[in-house]
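protein_37.json (JSON, C-alpha atoms) appears below.
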[["chain", "number", "residue", "atom", "x", "y", "z"],
["W", 19, "MET", "CA", 13.90, -24.31, 16.29],
["W", 20, "VAL", "CA", 16.95, -26.14, 14.96],
["W", 21, "ASP", "CA", 18.91, -28.34, 17.36],
["W", 22, "ASP", "CA", 20.21, -31.92, 17.10],
["W", 23, "ASN", "CA", 19.61, -32.45, 20.81],
["W", 24, "ALA", "CA", 16.04, -33.70, 21.28],
["W", 25, "ASP", "CA", 16.02, -32.81, 24.98],
["W", 26, "ASN", "CA", 16.83, -29.17, 24.20],
["W", 27, "VAL", "CA", 14.10, -29.07, 21.57],
["W", 28, "ASP", "CA", 11.51, -30.55, 23.93],
["W", 29, "LEU", "CA", 12.39, -28.17, 26.74],
["W", 30, "LEU", "CA", 12.27, -25.00, 24.65],
["W", 31, "THR", "CA", 9.21, -26.13, 22.71],
["W", 32, "GLN", "CA", 7.31, -26.62, 25.96],
["W", 33, "TYR", "CA", 8.37, -23.22, 27.26],
["W", 34, "LEU", "CA", 7.75, -21.21, 24.06],
["W", 35, "SER", "CA", 4.46, -22.98, 23.37],
["W", 36, "GLY", "CA", 3.35, -21.87, 26.81],
["W", 37, "LEU", "CA", 3.98, -18.27, 25.70],
["W", 38, "GLY", "CA", 1.68, -18.72, 22.71],
["W", 39, "TYR", "CA", 4.25, -19.47, 20.00],
["W", 40, "GLU", "CA", 3.93, -22.31, 17.52],
["W", 41, "VAL", "CA", 7.25, -24.15, 17.41],
["W", 42, "ILE", "CA", 8.36, -26.29, 14.46],
["W", 43, "PRO", "CA", 11.39, -28.47, 15.33],
["W", 44, "ALA", "CA", 14.22, -29.40, 12.96],
["W", 45, "PHE", "CA", 17.15, -31.61, 13.92],
["W", 46, "ASP", "CA", 19.67, -30.73, 11.21],
["W", 47, "GLY", "CA", 20.46, -27.94, 8.78],
["W", 48, "ALA", "CA", 18.98, -29.54, 5.67],
["W", 49, "GLU", "CA", 15.66, -30.10, 7.40],
["W", 50, "ALA", "CA", 15.69, -26.52, 8.65],
["W", 51, "LEU", "CA", 16.14, -25.15, 5.12],
["W", 52, "LEU", "CA", 13.25, -27.26, 3.81],
["W", 53, "ILE", "CA", 10.91, -26.15, 6.60],
["W", 54, "ALA", "CA", 11.86, -22.47, 6.22],
["W", 55, "ALA", "CA", 11.09, -22.63, 2.48],
["W", 56, "ARG", "CA", 7.79, -24.47, 2.98],
["W", 57, "GLU", "CA", 6.29, -22.89, 6.10],
["W", 58, "THR", "CA", 5.51, -19.31, 7.07],
["W", 59, "VAL", "CA", 8.27, -18.83, 9.61],
["W", 60, "ASP", "CA", 8.66, -15.68, 11.70],
["W", 61, "LEU", "CA", 11.89, -16.47, 13.54],
["W", 62, "ILE", "CA", 14.53, -19.22, 13.66],
["W", 63, "LEU", "CA", 16.41, -20.35, 16.76],
["W", 64, "LEU", "CA", 19.46, -22.00, 15.20],
["W", 65, "ASP", "CA", 22.05, -24.10, 16.99],
["W", 66, "VAL", "CA", 25.55, -23.59, 15.62],
["W", 67, "MET", "CA", 26.88, -27.13, 16.27],
["W", 68, "LEU", "CA", 24.87, -29.26, 13.84],
["W", 69, "PRO", "CA", 25.75, -32.40, 11.85],
["W", 70, "GLN", "CA", 26.79, -31.87, 8.20],
["W", 71, "LEU", "CA", 25.69, -28.23, 7.74],
["W", 72, "SER", "CA", 26.74, -25.95, 10.58],
["W", 73, "GLY", "CA", 24.46, -23.24, 11.89],
["W", 74, "PHE", "CA", 26.69, -20.68, 10.17],
["W", 75, "ASP", "CA", 26.20, -22.46, 6.81],
["W", 76, "VAL", "CA", 22.45, -22.69, 7.32],
["W", 77, "CYS", "CA", 22.25, -19.00, 8.20],
["W", 78, "ARG", "CA", 24.21, -18.00, 5.08],
["W", 79, "ARG", "CA", 21.85, -20.02, 2.86],
["W", 80, "LEU", "CA", 18.75, -18.61, 4.53],
["W", 81, "LYS", "CA", 19.95, -15.06, 4.06],
["W", 82, "ALA", "CA", 20.92, -15.70, 0.43],
["W", 83, "GLN", "CA", 17.53, -17.04, -0.66],
["W", 84, "GLU", "CA", 14.56, -14.88, -1.56],
["W", 85, "GLY", "CA", 11.66, -15.78, 0.68],
["W", 86, "THR", "CA", 13.79, -16.68, 3.69],
["W", 87, "ASN", "CA", 16.25, -13.79, 3.70],
["W", 88, "TYR", "CA", 13.96, -11.65, 5.88],
["W", 89, "ILE", "CA", 13.47, -14.27, 8.60],
["W", 90, "PRO", "CA", 15.36, -13.21, 11.74],
["W", 91, "VAL", "CA", 17.86, -15.80, 12.97],
["W", 92, "VAL", "CA", 19.08, -16.20, 16.55],
["W", 93, "LEU", "CA", 22.21, -18.35, 16.79],
["W", 94, "VAL", "CA", 22.31, -20.49, 19.92],
["W", 95, "THR", "CA", 25.67, -22.04, 20.90],
["W", 96, "VAL", "CA", 28.07, -22.91, 23.68],
["W", 97, "ARG", "CA", 30.77, -20.96, 21.85],
["W", 98, "ASP", "CA", 30.97, -17.53, 23.44],
["W", 99, "ASP", "CA", 34.28, -16.25, 22.04],
["W", 100, "THR", "CA", 34.31, -13.03, 20.07],
["W", 101, "ARG", "CA", 35.51, -14.71, 16.87],
["W", 102, "SER", "CA", 32.55, -17.09, 16.82],
["W", 103, "LYS", "CA", 30.11, -14.24, 17.42],
["W", 104, "LEU", "CA", 31.64, -12.21, 14.61],
["W", 105, "GLU", "CA", 31.44, -15.23, 12.29],
["W", 106, "GLY", "CA", 27.76, -15.59, 13.19],
["W", 107, "PHE", "CA", 26.94, -11.98, 12.43],
["W", 108, "ALA", "CA", 28.97, -12.17, 9.21],
["W", 109, "ALA", "CA", 26.78, -15.14, 8.21],
["W", 110, "GLY", "CA", 23.72, -12.89, 8.59],
["W", 111, "ALA", "CA", 22.53, -13.72, 12.10],
["W", 112, "ASP", "CA", 20.32, -11.12, 13.74],
["W", 113, "ASP", "CA", 21.19, -12.09, 17.32],
["W", 114, "TYR", "CA", 23.43, -14.45, 19.24],
["W", 115, "ILE", "CA", 22.90, -16.17, 22.60],
["W", 116, "THR", "CA", 25.21, -18.59, 24.38],
["W", 117, "LYS", "CA", 24.41, -21.73, 26.35],
["W", 118, "PRO", "CA", 23.56, -22.07, 29.12],
["W", 119, "PHE", "CA", 21.21, -19.15, 28.66],
["W", 120, "ASP", "CA", 18.59, -17.56, 30.87],
["W", 121, "ILE", "CA", 15.18, -18.62, 29.55],
["W", 122, "GLU", "CA", 13.65, -15.22, 30.23],
["W", 123, "GLU", "CA", 16.47, -13.50, 28.36],
["W", 124, "LEU", "CA", 15.83, -15.76, 25.37],
["W", 125, "SER", "CA", 12.12, -14.97, 25.57],
["W", 126, "ALA", "CA", 12.84, -11.23, 25.60],
["W", 127, "ARG", "CA", 15.10, -11.50, 22.55],
["W", 128, "VAL", "CA", 12.51, -13.56, 20.68],
["W", 129, "LYS", "CA", 9.81, -11.04, 21.49],
["W", 130, "SER", "CA", 12.00, -8.12, 20.39],
["W", 131, "LEU", "CA", 12.95, -9.70, 17.06],
["W", 132, "LEU", "CA", 9.37, -10.69, 16.31],
["W", 133, "ARG", "CA", 8.26, -7.11, 16.93],
["W", 134, "ILE", "CA", 10.94, -5.84, 14.51],
["W", 135, "LYS", "CA", 9.94, -8.43, 11.90],
["W", 136, "LEU", "CA", 6.29, -7.40, 12.18],
["W", 137, "LEU", "CA", 7.25, -3.78, 11.48],
["W", 138, "GLN", "CA", 9.44, -4.85, 8.55],
["W", 139, "ASP", "CA", 6.62, -6.98, 7.11],
["W", 140, "GLN", "CA", 4.22, -4.06, 7.37],
["W", 141, "LEU", "CA", 6.74, -1.77, 5.65],
["W", 142, "ARG", "CA", 7.33, -4.23, 2.79],
["W", 143, "GLU", "CA", 3.58, -4.66, 2.35],
["W", 144, "ALA", "CA", 3.08, -0.89, 2.23],
["W", 145, "ASN", "CA", 5.91, -0.52, -0.29],
["W", 146, "SER", "CA", 4.39, -3.29, -2.41],
["W", 147, "ARG", "CA", 1.02, -1.51, -2.42],
["W", 148, "LEU", "CA", 2.67, 1.76, -3.39],
["W", 149, "GLU", "CA", 4.62, 0.08, -6.19],
["W", 150, "LYS", "CA", 1.44, -1.52, -7.51],
["W", 151, "MET", "CA", -0.40, 1.81, -7.36],
["W", 152, "SER", "CA", 2.40, 3.50, -9.31],
["W", 153, "VAL", "CA", 1.95, 1.18, -12.32],
["W", 154, "THR", "CA", -1.82, 0.62, -12.16],
["W", 155, "ASP", "CA", -4.70, 2.60, -13.61],
["W", 156, "GLY", "CA", -7.00, 3.50, -10.73],
["W", 157, "LEU", "CA", -10.26, 3.02, -12.64],
["W", 158, "THR", "CA", -9.71, -0.22, -14.54],
["W", 159, "GLY", "CA", -7.07, -1.96, -12.42],
["W", 160, "ILE", "CA", -4.87, -2.68, -15.45],
["W", 161, "TYR", "CA", -1.47, -1.12, -16.15],
["W", 162, "ASN", "CA", -1.22, 2.61, -16.72],
["W", 163, "HIS", "CA", 0.32, 4.67, -19.53],
["W", 164, "ARG", "CA", 3.66, 5.20, -17.80],
["W", 165, "HIS", "CA", 4.22, 1.50, -17.16],
["W", 166, "PHE", "CA", 3.23, 0.63, -20.72],
["W", 167, "ILE", "CA", 5.87, 3.00, -22.13],
["W", 168, "GLU", "CA", 8.52, 1.61, -19.78],
["W", 169, "ARG", "CA", 7.72, -1.98, -20.74],
["W", 170, "LEU", "CA", 7.61, -1.09, -24.43],
["W", 171, "GLU", "CA", 11.21, 0.07, -24.25],
["W", 172, "ILE", "CA", 12.28, -3.02, -22.30],
["W", 173, "GLU", "CA", 10.53, -5.42, -24.68],
["W", 174, "THR", "CA", 11.85, -3.55, -27.72],
["W", 175, "ARG", "CA", 15.43, -4.07, -26.55],
["W", 176, "ARG", "CA", 14.73, -7.71, -25.76],
["W", 177, "ALA", "CA", 13.07, -8.38, -29.12],
["W", 178, "GLU", "CA", 15.93, -6.70, -30.97],
["W", 179, "ARG", "CA", 18.56, -8.61, -29.01],
["W", 180, "TYR", "CA", 17.00, -12.04, -29.51],
["W", 181, "GLY", "CA", 15.42, -11.50, -32.94],
["W", 182, "ARG", "CA", 11.80, -11.87, -31.82],
["W", 183, "PRO", "CA", 8.65, -10.21, -33.19],
["W", 184, "LEU", "CA", 6.92, -7.43, -31.29],
["W", 185, "ALA", "CA", 3.59, -5.69, -31.81],
["W", 186, "VAL", "CA", 1.44, -2.94, -30.36],
["W", 187, "ILE", "CA", -2.35, -2.86, -30.56],
["W", 188, "MET", "CA", -4.03, 0.50, -29.97],
["W", 189, "LEU", "CA", -7.76, 0.41, -29.22],
["W", 190, "ASP", "CA", -10.30, 3.21, -28.96],
["W", 191, "VAL", "CA", -13.96, 3.05, -27.89],
["W", 192, "ASP", "CA", -16.22, 4.12, -30.76],
["W", 193, "HIS", "CA", -18.59, 7.01, -29.94],
["W", 194, "PHE", "CA", -17.58, 6.97, -26.27],
["W", 195, "LYS", "CA", -18.63, 10.60, -25.78],
["W", 196, "GLU", "CA", -22.18, 9.72, -26.80],
["W", 197, "ILE", "CA", -22.20, 6.84, -24.30],
["W", 198, "ASN", "CA", -21.12, 9.20, -21.53],
["W", 199, "ASP", "CA", -23.58, 11.92, -22.54],
["W", 200, "GLU", "CA", -26.58, 9.61, -22.90],
["W", 201, "ARG", "CA", -26.01, 7.24, -19.96],
["W", 202, "GLY", "CA", -23.79, 9.21, -17.61],
["W", 203, "HIS", "CA", -20.18, 9.01, -16.53],
["W", 204, "LEU", "CA", -20.78, 6.12, -14.12],
["W", 205, "PHE", "CA", -21.91, 4.00, -17.05],
["W", 206, "GLY", "CA", -18.92, 5.23, -19.05],
["W", 207, "ASP", "CA", -16.58, 4.18, -16.25],
["W", 208, "TYR", "CA", -18.26, 0.77, -16.17],
["W", 209, "VAL", "CA", -17.69, 0.39, -19.92],
["W", 210, "LEU", "CA", -13.97, 1.08, -19.51],
["W", 211, "ARG", "CA", -13.67, -1.45, -16.68],
["W", 212, "ARG", "CA", -15.62, -4.05, -18.67],
["W", 213, "LEU", "CA", -13.43, -3.52, -21.72],
["W", 214, "ALA", "CA", -10.32, -4.02, -19.62],
["W", 215, "GLU", "CA", -11.74, -7.36, -18.48],
["W", 216, "ILE", "CA", -12.48, -8.43, -22.05],
["W", 217, "PHE", "CA", -9.04, -7.44, -23.32],
["W", 218, "GLN", "CA", -7.37, -9.46, -20.57],
["W", 219, "ALA", "CA", -9.66, -12.45, -21.05],
["W", 220, "VAL", "CA", -9.13, -12.65, -24.81],
["W", 221, "GLY", "CA", -5.41, -11.99, -24.78],
["W", 222, "ARG", "CA", -2.60, -14.22, -23.57],
["W", 223, "ALA", "CA", -1.23, -14.03, -20.05],
["W", 224, "SER", "CA", 2.01, -12.62, -21.49],
["W", 225, "ASP", "CA", 0.26, -9.72, -23.26],
["W", 226, "LEU", "CA", 0.51, -6.43, -21.39],
["W", 227, "VAL", "CA", -2.82, -4.59, -21.36],
["W", 228, "ALA", "CA", -2.82, -0.93, -20.37],
["W", 229, "ARG", "CA", -5.14, 2.04, -20.31],
["W", 230, "TYR", "CA", -3.32, 4.47, -22.53],
["W", 231, "GLY", "CA", -5.50, 7.45, -21.69],
["W", 232, "GLY", "CA", -9.19, 8.40, -21.70],
["W", 233, "GLU", "CA", -11.00, 5.75, -23.72],
["W", 234, "GLU", "CA", -7.81, 4.50, -25.40],
["W", 235, "PHE", "CA", -6.13, 1.23, -24.54],
["W", 236, "ALA", "CA", -2.84, -0.31, -25.62],
["W", 237, "ILE", "CA", -1.72, -3.92, -25.72],
["W", 238, "LEU", "CA", 1.91, -4.97, -25.97],
["W", 239, "VAL", "CA", 2.17, -8.31, -27.76],
["W", 240, "THR", "CA", 5.46, -10.19, -27.54],
["W", 241, "ASP", "CA", 6.99, -13.27, -29.19],
["W", 242, "THR", "CA", 4.30, -13.78, -31.83],
["W", 243, "ALA", "CA", 3.34, -12.49, -35.26],
["W", 244, "GLY", "CA", -0.35, -12.98, -34.49],
["W", 245, "ALA", "CA", -1.22, -9.53, -33.14],
["W", 246, "ALA", "CA", -3.65, -8.79, -36.00],
["W", 247, "THR", "CA", -5.58, -11.98, -35.26],
["W", 248, "LEU", "CA", -5.68, -11.09, -31.57],
["W", 249, "ALA", "CA", -6.99, -7.60, -32.35],
["W", 250, "GLU", "CA", -9.80, -9.03, -34.50],
["W", 251, "ARG", "CA", -10.76, -11.51, -31.77],
["W", 252, "ILE", "CA", -10.92, -8.62, -29.29],
["W", 253, "ARG", "CA", -13.04, -6.55, -31.65],
["W", 254, "GLN", "CA", -15.48, -9.43, -32.08],
["W", 255, "ALA", "CA", -15.58, -10.13, -28.33],
["W", 256, "VAL", "CA", -16.52, -6.51, -27.65],
["W", 257, "GLU", "CA", -19.11, -6.49, -30.44],
["W", 258, "THR", "CA", -20.84, -9.58, -29.07],
["W", 259, "GLY", "CA", -20.32, -8.70, -25.41],
["W", 260, "GLU", "CA", -22.96, -7.44, -23.03],
["W", 261, "PHE", "CA", -22.65, -4.06, -21.35],
["W", 262, "ASN", "CA", -25.31, -3.78, -18.65],
["W", 263, "PHE", "CA", -25.01, -1.54, -15.62],
["W", 264, "GLU", "CA", -27.71, -0.37, -13.20],
["W", 265, "LYS", "CA", -30.60, -1.17, -15.55],
["W", 266, "GLN", "CA", -28.87, 0.49, -18.48],
["W", 267, "ARG", "CA", -27.24, -1.20, -21.45],
["W", 268, "ALA", "CA", -25.33, -0.18, -24.54],
["W", 269, "ASP", "CA", -23.91, -1.68, -27.70],
["W", 270, "VAL", "CA", -20.19, -0.98, -27.49],
["W", 271, "ARG", "CA", -17.72, -1.18, -30.35],
["W", 272, "VAL", "CA", -13.98, -0.60, -30.60],
["W", 273, "SER", "CA", -11.60, 0.33, -33.38],
["W", 274, "ALA", "CA", -8.09, -1.11, -33.38],
["W", 275, "GLY", "CA", -4.79, -0.21, -34.97],
["W", 276, "VAL", "CA", -2.00, -2.75, -35.07],
["W", 277, "CYS", "CA", 1.68, -2.41, -35.83],
["W", 278, "GLN", "CA", 3.38, -5.77, -36.21],
["W", 279, "ALA", "CA", 7.17, -5.51, -36.24],
["W", 280, "LEU", "CA", 8.91, -8.57, -37.59],
["W", 281, "ALA", "CA", 11.94, -9.98, -35.83],
["W", 282, "SER", "CA", 14.40, -8.20, -38.12],
["W", 283, "SER", "CA", 12.68, -4.82, -37.90],
["W", 284, "VAL", "CA", 12.39, -4.20, -34.17],
["W", 285, "HIS", "CA", 14.50, -1.13, -33.45],
["W", 286, "GLU", "CA", 12.47, 1.72, -31.95],
["W", 287, "GLY", "CA", 9.51, 1.16, -29.64],
["W", 288, "ASN", "CA", 8.23, 4.66, -30.27],
["W", 289, "GLU", "CA", 8.10, 3.99, -34.01],
["W", 290, "ILE", "CA", 6.03, 0.84, -33.48],
["W", 291, "LEU", "CA", 3.69, 2.81, -31.25],
["W", 292, "ARG", "CA", 3.42, 5.64, -33.80],
["W", 293, "LEU", "CA", 2.49, 3.24, -36.59],
["W", 294, "ALA", "CA", -0.11, 1.52, -34.40],
["W", 295, "ASP", "CA", -1.61, 4.93, -33.63],
["W", 296, "GLU", "CA", -1.69, 5.76, -37.35],
["W", 297, "ALA", "CA", -3.46, 2.46, -38.03],
["W", 298, "LEU", "CA", -6.00, 3.26, -35.30],
["W", 299, "TYR", "CA", -6.67, 6.66, -36.89],
["W", 300, "GLU", "CA", -7.29, 4.96, -40.23],
["W", 301, "ALA", "CA", -9.68, 2.50, -38.59],
["W", 302, "LYS", "CA", -11.66, 5.39, -37.08],
["W", 303, "GLN", "CA", -11.68, 7.35, -40.33],
["W", 304, "SER", "CA", -12.77, 4.38, -42.46],
["W", 305, "GLY", "CA", -15.92, 3.60, -40.50],
["W", 306, "ARG", "CA", -14.95, 2.40, -37.00],
["W", 307, "ASN", "CA", -15.51, -1.07, -35.50],
["W", 308, "ARG", "CA", -12.64, -2.50, -37.52],
["W", 309, "VAL", "CA", -8.98, -3.43, -37.36],
["W", 310, "VAL", "CA", -6.29, -1.79, -39.51],
["W", 311, "VAL", "CA", -2.83, -3.32, -39.60],
["W", 312, "LYS", "CA", 0.54, -1.83, -40.46],
["W", 313, "SER", "CA", 3.64, -4.01, -40.70],
["W", 314, "LYS", "CA", 7.09, -2.72, -39.90],
["W", 315, "LYS", "CA", 9.41, -4.74, -42.09],
["W", 316, "GLU", "CA", 12.59, -2.70, -42.06]]
As structure tokens:
Amino acid sequence: MVDDNADNVDLLTQYLSGLGYEVIPAFDGAEALLIAARETVDLILLDVMLPQLSGFDVCRRLKAQEGTNYIPVVLVTVRDDTRSKLEGFAAGADDYITKPFDIEELSARVKSLLRIKLLQDQLREANSRLEKMSVTDGLTGIYNHRHFIERLEIETRRAERYGRPLAVIMLDVDHFKEINDERGHLFGDYVLRRLAEIFQAVGRASDLVARYGGEEFAILVTDTAGAATLAERIRQAVETGEFNFEKQRADVRVSAGVCQALASSVHEGNEILRLADEALYEAKQSGRNRVVVKSKKE
């Protein structure tokens, strides 16, 4: 509740608290903006006539900032002319009530807007879950093939524009079919999840780790020429790691192919991916449990 009149704040706080709402008072626009950014606020009762920043100005800033733009705002004012109401709605207000107002009418409007906000919050949460599901591999929880390809194209354009290095690491589990056949598919699924954890733990936070398909993984490495070193660290971490699940264990190894594109040679993401895949094939053919590197220099 934002009002420079302490008596108004006390009166409405007492009434709304009695209805079960938690009321946070603010006595000017700047304070209101700070509280809205800091607290989890579900609705703002905003007086129009405030010192320095008017209620209209505060409403515009709230609606322009991510994080507060979804908070419903009820403008409360003595100004009941049509022009003032239109200015309030143009500023982003969700409702408008004039003083002196009926306390039960205000309560009904608060209740209605809170119900709408709850539905909007639920919808945004559901959309967020769906968006996450669309880019995530269901088994391992890391990014999926489609998202990796999309990000590869984005990062390729960025690297080319700013002259930065870019690399792709392709990884494949050695003898994964034998692991599945001997210990069962549940153990095989565990191995894939465990590998995803290792890849994320060894890599940098900026590296994009994805399940490329089956027992293949891909890592997009940006802004560094150290992808080959990272691949070798991953290989060693897997080789020395423990894979124990439901009283079964296995020694797991991975082969890796790396394509490191230097800053001046980043043009086509698909070409970088193709060379990394070729390097992975060579690693498998030359004995497995090793890293093969190809550099794209032109």
Exercise for the section: For Glu257 in chain W, please output as a count of residues only all residues within 9 Å (counting all atoms listed in the file; exclusion window: fewer than 6 positions along the same chain). Expected result: 5
Problem - Interatomic distance, CA of Ala54 in chain W to CA of Glu149 in chain W (Å, one decimal) - result: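 Separation of CA of Ala54 in chain W and CA of Glu149 in chain W: 26.7 Å.
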Practice task
List the residues sitting within 9 Å of (1.2, 7.5, -14.0) in the file's frame, using all atoms listed in the file, as number ranges by chain.
Solution key: W: 151-155, 162-165
Find the residues around Gly259 in chain W up to 12 Å (only C-alpha atoms counted), leave out those fewer than 2 positions away in its own chain, and share them as an mmCIF file with C-alpha atoms, in the frame of the given file.
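As a result, out_13.cif now contains:
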data_model
loop_
_atom_site.group_PDB
_atom_site.id
_atom_site.type_symbol
_atom_site.label_atom_id
_atom_site.label_comp_id
_atom_site.auth_asym_id
_atom_site.auth_seq_id
_atom_site.Cartn_x
_atom_site.Cartn_y
_atom_site.Cartn_z
ATOM 1 C CA VAL W 209 -17.690 0.390 -19.920
ATOM 2 C CA ARG W 212 -15.620 -4.050 -18.670
ATOM 3 C CA LEU W 213 -13.430 -3.520 -21.720
ATOM 4 C CA GLU W 215 -11.740 -7.360 -18.480
ATOM 5 C CA ILE W 216 -12.480 -8.430 -22.050
ATOM 6 C CA PHE W 217 -9.040 -7.440 -23.320
ATOM 7 C CA VAL W 220 -9.130 -12.650 -24.810
ATOM 8 C CA ARG W 251 -10.760 -11.510 -31.770
ATOM 9 C CA ILE W 252 -10.920 -8.620 -29.290
ATOM 10 C CA ARG W 253 -13.040 -6.550 -31.650
ATOM 11 C CA GLN W 254 -15.480 -9.430 -32.080
ATOM 12 C CA ALA W 255 -15.580 -10.130 -28.330
ATOM 13 C CA VAL W 256 -16.520 -6.510 -27.650
ATOM 14 C CA GLU W 257 -19.110 -6.490 -30.440
ATOM 15 C CA PHE W 261 -22.650 -4.060 -21.350
ATOM 16 C CA ASN W 262 -25.310 -3.780 -18.650
ATOM 17 C CA ARG W 267 -27.240 -1.200 -21.450
ATOM 18 C CA ALA W 268 -25.330 -0.180 -24.540
ATOM 19 C CA ASP W 269 -23.910 -1.680 -27.700
ATOM 20 C CA VAL W 270 -20.190 -0.980 -27.490
ATOM 21 C CA ARG W 271 -17.720 -1.180 -30.350
ATOM 22 C CA VAL W 272 -13.980 -0.600 -30.600
#
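Nearest residue to Ala44 in chain W, choosing from W:Asp207, W:Ser224, W:Val27, W:Leu71 and counting all atoms listed in the file: W:Val27.
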Practice task
Rounded to one decimal place, report the CA of Cys277 in chain W-CA of Thr158 in chain W distance in Å.
Solution key: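 Distance reported for this atom pair: 24.2 Å.
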